Amino acid sequence: MNFMNIQGPNTTGQRSTLDYSIVGCFTLILLLFILLLDAYEYVTVPGASQARNQLHQGLEDLTGMEIMTKQELAQLTLEVEQAKLVVHDKKQEVEEIVEKVELMEHELKPETAPITVEEQKEEKEKEEAIVEKTVEHELGIDKWCGSCQWNHMNFNCDKRVSWLMERYHIDELEAKEASLDQGCHTRRNLRGT
C-alpha cells in the first residue's frame, strides 16, 4: 500500500506560501488595529497624524465636506449650545419689552386692545414678527448675506446654516448665530468686530 504524506515535514527547510500569507495577513491586521487605535486617540503612532491630516485635507478638497476631529466636534457642539442660549436670552428680553410696550399702549388706548380671537391671533403674529426682527437686528443677523464662503470651504454660509439646522435640530436664527462665530468671513462686517 502506497500512502501519500500530505502534511509531511518540509525537507527543504523553506517556508510555504501559506506560511508567508498568514504572517502577512496577521501583520496587516495588526497595523490596521494600531491605526484604528490612533484614530480614536488611544495610542499615538509617529507620523500617522500628519498622514491623516493630509488625507483629511485631500478628502475635504475633493468633496467640499469638512472632516472634524473629536475636539472640533465638541467645540462645535459647545458653540451651538452657546448660540441657543444667546438667541433664547435675546428673544426673552425682546419679548418682555414688546409685552410692556403693548400693555402701555392698551392702557393709554383701551380701544386698541384685541377683542376677537382673530384679532388676538393677528396681534400675536405681529408680536412674533417684531421679536424676530428685533432679535436679528440686536445680534447683527439682519445683515446676513449667506452667499459668502464659509471658513475657506467649498460651500457658503447658507449651506452651513442648513447643515447645522439639520444636524442639531435648531432653528435658523440659532444656526446663523453659531455660524457667525465659527467661520463666516463677513462676520466682521455684521458685528463690527
# chains A, B, ... in the order shown; residues from 1 in each chain; ligands from 1

$ select_by_dssp --residues "segment 25-129 of chain A" --states "alpha helix (DSSP H)" --output "ChimeraX atom specification"
/A:25-39,48-63,70-108,117-129

$ closest_residue --among "A:Asn154, A:Gln82, A:Thr27, A:Gln50" --to "Glu174 of chain A" --atoms "only C-alpha atoms"
A:Gln82

$ atom_distance --atom1 "atom CA of Asp171 of chain A" --atom2 "atom CA of Lys84 of chain A"
8.9 Å

$ residues_around --residues "Glu96 of chain A" --least-positions-apart "5" --cutoff "12 Å" --atoms "only C-alpha atoms" --output "ChimeraX atom specification"
/A:89-91,101-103,127-128,130-131

$ write_last_selection --atoms "C-alpha atoms" --output "compact mmCIF listing (two decimals), in the first residue's frame"
# COMPACT_ATOMS: atom_id res chain seq x y z
CA ASP A 89 -31.92 85.19 26.14
CA LYS A 90 -32.23 87.88 23.47
CA LYS A 91 -35.72 86.66 22.46
CA VAL A 101 -44.99 98.40 25.28
CA GLU A 102 -48.18 96.61 24.32
CA LEU A 103 -49.58 96.86 27.85
CA GLU A 127 -45.57 90.42 18.11
CA GLU A 128 -43.63 87.37 16.95
CA ILE A 130 -41.41 92.18 15.77
CA VAL A 131 -39.50 89.99 18.23

$ residues_around --residues "Gly146 of chain A" --least-positions-apart "4" --cutoff "9 Å" --atoms "only C-alpha atoms" --output "list in words"
Trp150, Asn156, Cys157, Asp158, Lys159, Val161 and Cys184 of chain A

$ write_last_selection --atoms "N, CA and C atoms" --output "mmCIF file, in the first residue's frame"
data_model
loop_
_atom_site.group_PDB
_atom_site.id
_atom_site.type_symbol
_atom_site.label_atom_id
_atom_site.label_comp_id
_atom_site.auth_asym_id
_atom_site.auth_seq_id
_atom_site.Cartn_x
_atom_site.Cartn_y
_atom_site.Cartn_z
ATOM 1 N N TRP A 150 -17.768 79.979 3.522
ATOM 2 C CA TRP A 150 -17.638 79.680 4.933
ATOM 3 C C TRP A 150 -16.298 79.014 5.206
ATOM 4 N N ASN A 156 -21.022 77.837 0.970
ATOM 5 C CA ASN A 156 -21.260 79.149 1.557
ATOM 6 C C ASN A 156 -21.918 79.038 2.936
ATOM 7 N N CYS A 157 -22.117 80.182 3.556
ATOM 8 C CA CYS A 157 -22.661 80.221 4.918
ATOM 9 C C CYS A 157 -24.096 79.700 4.975
ATOM 10 N N ASP A 158 -24.884 79.926 3.917
ATOM 11 C CA ASP A 158 -26.253 79.407 3.907
ATOM 12 C C ASP A 158 -26.269 77.878 3.956
ATOM 13 N N LYS A 159 -25.356 77.246 3.226
ATOM 14 C CA LYS A 159 -25.280 75.778 3.279
ATOM 15 C C LYS A 159 -24.860 75.312 4.665
ATOM 16 N N VAL A 161 -25.486 76.859 7.475
ATOM 17 C CA VAL A 161 -26.652 77.053 8.338
ATOM 18 C C VAL A 161 -27.641 75.901 8.146
ATOM 19 N N CYS A 184 -17.677 82.469 9.460
ATOM 20 C CA CYS A 184 -18.254 83.345 8.447
ATOM 21 C C CYS A 184 -17.258 84.471 8.164
#
